[in-house]
Amino acid sequence: MERKVRRVGIVGYGNLGKYLAEEIKKRDDLEIAFIWNRSPEAVEKSEFSNVMLVDLSEYAERRADIIVEVAHPSIVQKFGKRFLEEADLRVGSPTAFAEAAVESELRHTACQGVRGLYIPSGALWGAQDIAKMANRGSLKGLKVTMKKHPSAFKLLGTLQETNSKVKDSAVTLYEGSVRGLCPLAPNNVNTMAAAALAASNLGFDQVQGCLVADPSLSSHIINVDVTGPQNSSGETFSVRTVRDNPAASGQVTGSATYGSFFSSLLAAHSRGSGVHFC
């Protein structure tokens, strides 16, 4: 039986978008439906100029089976619902869901329609296990700690100012709810946002995030601490994972993330409506 070739729309043509386009080109089960970028010149000057989409509002004309957002949370906030009405949607900027109205709208659209909303697990090891615990109500606490070299952060507001002053020793830039952190670090804390989505019984307000700038680091380190229920003896179930991802100086995305992101694209299909982690 001949396999259907899935048509992929790519929204965003930065480092990750370019990587996806190159990987899709190598496969016979995927093809590019369109590539859109905020600055169209980047696509126009590439080998993929023939699939360039200038006006994103015309995405439906390209008949993509899945649309992959790798641009900015604002794209998800503006186009997410419309994308889901025409295709499966894989969100690369889940910090968009820190806006409660956006999360509610897209969850509703995904669950009531026929298309799937796919969230990449990325650096969040154990995402599906966290989601299972949340669905059972046994997830009691979740904290994600992210440690990077100061140059690897793209921050806003007071966090940007504090980070610029980090010189010789590690500094905790933020510790608190993930909802409060996402607007200040929209490009850096997608792993934390994915954790808040997986932990649906806790959400963005109760899942905790900690951001640490450490000038001694040459990798991105993510600790995920899960707390479960107590047994009859008062002992608490807990799990900690540590991910150490090598990264070049100043890079927001670690080297292992690209392959992980593409693997999750390959898994993002045939699950029907609803919210899925891949």
# chains A, B, ... in the order shown; residues from 1 in each chain; ligands from 1
$ select_by_dssp --residues "segment 109-209 of chain A" --states "alpha helix (DSSP H)" --output "VMD selection string"
chain A and resid 109 to 112 127 to 136 157 to 164 178 to 181 190 to 198 203 to 206
$ closest_atom_pairs --of "segment 97-123 of chain A" --to "segment 87-90 of chain A" --cutoff "12 Å" --atoms "only C-alpha atoms" --output "tab-separated table"
residue	atom	partner	partner_atom	distance
A:Leu106	CA	A:Leu89	CA	10.1
A:Arg107	CA	A:Leu89	CA	11.6
A:Thr109	CA	A:Leu89	CA	11.1
A:Ala110	CA	A:Asp88	CA	8.8
A:Cys111	CA	A:Asp88	CA	11.9
A:Gly113	CA	A:Asp88	CA	10.3
A:Val114	CA	A:Asp88	CA	8.6
A:Arg115	CA	A:Asp88	CA	5.0
A:Gly116	CA	A:Asp88	CA	4.9
A:Leu117	CA	A:Leu89	CA	5.1
A:Tyr118	CA	A:Arg90	CA	4.5
A:Ile119	CA	A:Arg90	CA	6.0
A:Pro120	CA	A:Arg90	CA	7.4
A:Ser121	CA	A:Arg90	CA	11.1
$ residues_around --residues "segment 131-140 of chain A" --least-positions-apart "6" --cutoff "9 Å" --atoms "only C-alpha atoms" --output "PDB file with C-alpha atoms, in the first residue's frame"
ATOM      1  CA  ALA A 195       5.600  21.182  31.312  1.00  0.00           C
ATOM      2  CA  LEU A 197       0.598  22.061  29.495  1.00  0.00           C
ATOM      3  CA  ALA A 198       1.424  18.460  30.396  1.00  0.00           C
ATOM      4  CA  ALA A 199       0.655  19.146  34.062  1.00  0.00           C
ATOM      5  CA  SER A 200      -2.937  20.063  33.227  1.00  0.00           C
ATOM      6  CA  ASN A 201      -4.145  19.717  36.831  1.00  0.00           C
ATOM      7  CA  LEU A 202      -1.562  22.302  37.961  1.00  0.00           C
ATOM      8  CA  VAL A 226       8.153  15.804  39.810  1.00  0.00           C
ATOM      9  CA  THR A 227       6.304  15.309  43.084  1.00  0.00           C
ATOM     10  CA  GLY A 228       3.550  12.751  43.454  1.00  0.00           C
ATOM     11  CA  PRO A 229       1.313  11.493  46.248  1.00  0.00           C
ATOM     12  CA  PHE A 277       2.721  15.377  23.239  1.00  0.00           C
TER      13      PHE A 277
END
$ select_by_dssp --residues "segment 17-87 of chain A" --states "strand (DSSP E)" --output "PyMOL selection string"
chain A and resi 30-36+66-69
$ residues_around --residues "Thr257 of chain A" --least-positions-apart "2" --cutoff "12 Å" --atoms "only C-alpha atoms" --output "PyMOL selection string"
chain A and resi 15-16+19-20+92+120-124+190-191+219-220+243-247+251-255+259-264
$ atom_distance --atom1 "atom CA of Lys165 of chain A" --atom2 "atom CA of Ser216 of chain A"
14.6 Å
$ residues_around --residues "Val178 of chain A" --least-positions-apart "3" --cutoff "7 Å" --atoms "only C-alpha atoms" --output "list in words"
Leu181, Cys182, Met192, Ala193, Phe204, Asp205, Val207, Gln208 and Gly209 of chain A
$ atom_distance --atom1 "atom CA of Leu156 of chain A" --atom2 "atom CA of Lys81 of chain A"
26.8 Å
